[in-house]
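Below: the structure, in structure tokens.
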Amino acid sequence: MLPCVLLCGEIEYVQDEFKEMFHGIAEVVHLVSESRSHFLSSFEPDGPYEGTVALYRRNTSSKVIGKFDAPLIHALADTSKVRWIAQNGSGYDEIDVQACKERGILVSNTPRANEDATATTTLYLMISCLRHFSMAERSLRSGTWKTPCDAAQTHDVTGRTLGILGLGGIGLRFAHLAHAFPMRIVYFSRRKAESVPDWCEYVSSVEELCKQADVLSLHVPLNQSTAGMIGEKEIRTLRRGSVLLNTSRGRIVDQEAMIRALEDGHLSSVGLDVYPDEPRVDPRLLTFPQCTLLPHIGGESAESWRTRELQALGNLKAFVLGGIGEDIVPELKTGIGNSAIL
Ligand SMILES: O=CC(=O)O
């Protein structure tokens with residue numbers, strides 16, 4: 001009997017490749033549950049997900065079955081044989097990886113796949129915040145030509161200092177794009193990055209990063225140590241009139257502190273693609289016309305979606321065939337035991 005893999009989320013861009021990839025090696029089952037409790041009970045004998053050993057997951061599945069938090073992971077481990085979760089996305093903050101570790105379930109994500117899309121989104125936000133392009137377009141579309149735009153409030157990008165928090169793939173790609181203006185690039189990461197260009201200057205603390213940056217851009221994953229990392233103190237360490245960009249996760253920033261800084265002009269503008277409680281956008285943010293706000297589309301282009309789907313499915317297939325796949329998330333890379341092997 002073939003092992004079973006469950007798709008918790010749609011395959012949209014690689015339908016043909018997908019059928020070929022799993023033909024003859026696994027039975028593919030689609031999510032049919034309309035509630036979390038139905039999802040969990042469906043792994044039991046004679047349930048629709050019986051025999052499932054691995055899951056493909058998109059964050060869209062949360063709408064029906066909720067996040068893969070600790071209770072769900074423990075229940076999954078109690079009722080099923082699932083040992084691998086292949087997340088489609090570079091962010092995996094909707095999966096409790098600590099609970100996965102305790103229960104011998106491995107998680108892979110799709111790093112690299114959306115680097116270019118997310119970096120170019122960040123570039124757009126930066127230019128738009130400094131030059132007020134989004135506001136200008138909204139003004140034109142509403143028939144008011146340039147009102148309320150005021151060129152005196154806008155600034156050139158060239159020559160400014162960009163502070164990058166987290167120099168992973170997206171941060172580094174954005175650094176390359178911004179360096180072309182040129183901008184001065186400073187960064188802070190947990191470790192000084194190896195083999196990055198000389199013009200990427202490492203600073204040894206978040207505080208130092210904030211002191212030097214005209215534009216601060218966030219590129220760290222959301223986890224216990226990064227939640228709330230940019231709060232009142234960090235925002236007030238930025239120069240008055242600085243710009244804050246966030247294309248990583250909303251909860252990395254203390255939203256209340258950010259809004260206070262917009263209200264009193266300490267931040268001249270913010271460019272956001274992510275929010276703490278998506279899809280809710282705090283209505284106060286909409287009252288600052290100079291800000292550029294996107295609905296979490298940073299990593300979404302046809303190319304990146306294709307790559308993401310192929311990468312996540314590739315990890316799933318490798319697990320089914322060999323008991324282990326690629327792109328295991330950093331928290332689970334150490335101490336991989338036989339429990340994860342089919
Ligand atoms: O937000 C996008 C991702 O997690 O890939």
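Residues are referred to by chain and number: the chain letter is A, B, ... according to the order shown in the structure tokens, the number counts from 1 in that chain, and ligands are numbered separately from 1 in the order shown.
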
(message) For ligand 1, return the neighbouring residues as a PyMOL selection string (distance at most 10 Å; only C-alpha atoms and all ligand atoms).
(response) chain A and resi 58-59+87-94+109-115+117-118+221-222+247-249+273-274+296-300+304-305+308

(message) Show me, as number ranges by chain, the residues that have an atom within 7 Å of Cys210 of chain A when counting only C-alpha atoms, minus same-chain residues fewer than 6 positions from it.
(response) A: 234, 237-238

(request) May I ask which of the residues A:Asp282, A:Asp78, A:Glu194, A:Asp150 is the closest one to Arg131 of chain A, counting only C-alpha atoms? (result) A:Asp150

Wanna dump the segment 86-149 of chain A-segment 153-161 of chain A contacts at 10 Å for me, each residue with its shortest atom pair and the distance in Å to one decimal, counting only C-alpha atoms, ordered by chain and number, as CSV?
residue,atom,partner,partner_atom,distance
A:Met126,CA,A:Val157,CA,8.2
A:Ile127,CA,A:Val157,CA,6.8
A:Ser128,CA,A:Thr154,CA,9.5
A:Cys129,CA,A:Thr154,CA,8.2
A:Leu130,CA,A:His155,CA,5.2
A:Arg131,CA,A:Thr154,CA,4.8
A:His132,CA,A:Thr154,CA,6.4
A:Phe133,CA,A:Thr154,CA,9.4
A:Cys149,CA,A:Gln153,CA,8.2

(request) Between atom CA of Gln311 of chain A and atom CA of Val5 of chain A, measure the distance and give it in Å to one decimal. (result) 15.6 Å

(request) Would you please extract all alpha helix (DSSP H) residues from segment 153-296 of chain A, as assigned by DSSP on the backbone, and give them as JSON, numbers by chain? (result) {"A": [169, 170, 171, 172, 173, 174, 175, 176, 177, 178, 179, 206, 207, 208, 209, 210, 211, 212, 232, 233, 234, 235, 236, 237, 255, 256, 257, 258, 259, 260, 261, 262, 263]}

(message) I'd like the neighbourhood of Arg260 of chain A as a PyMOL selection string, where a residue qualifies if any of its atoms comes within 9 Å (using only C-alpha atoms), though same-chain residues fewer than 6 positions away should be ignored.
(response) chain A and resi 232+266-267

(request) Considering only C-alpha atoms, return as number ranges by chain whatever protein or nucleic-acid residues lie within 12 Å of Pro3 of chain A, sequence-local ones (same chain, fewer than 2 positions apart) excluded. (result) A: 1, 5-6, 22-29, 49-55, 81-83, 316-317, 319-321, 323, 342

(request) Considering only C-alpha atoms, return as a PyMOL selection string whatever protein or nucleic-acid residues lie within 12 Å of Gly66 of chain A, sequence-local ones (same chain, fewer than 6 positions apart) excluded. (result) chain A and resi 8+33-40+57-60+72-73+94-95

(request) Can you work out which one of A:Ile170, A:Ile105, A:Ala227, A:Leu313 has the shortest atom-to-atom distance to Glu10 of chain A, counting only C-alpha atoms? (result) A:Leu313

(message) Can you tell me, as a PyMOL selection string, which residues in segment 64-294 of chain A count as strand (DSSP E) by DSSP?
(response) chain A and resi 84-87+106-108+161-165+184-188+200-202+215-218+242-246+267-272+292-293

(request) Please measure the separation of atom CA of Ala193 of chain A and atom CA of Ser205 of chain A, giving the value in Å to one decimal. (result)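 A separation of 13.9 Å between them.
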
(request) Could you tell me which of A:Leu165, A:Leu272, A:Ala99, A:Val329 comes closest to Pro71 of chain A if we count only C-alpha atoms? (result) A:Ala99
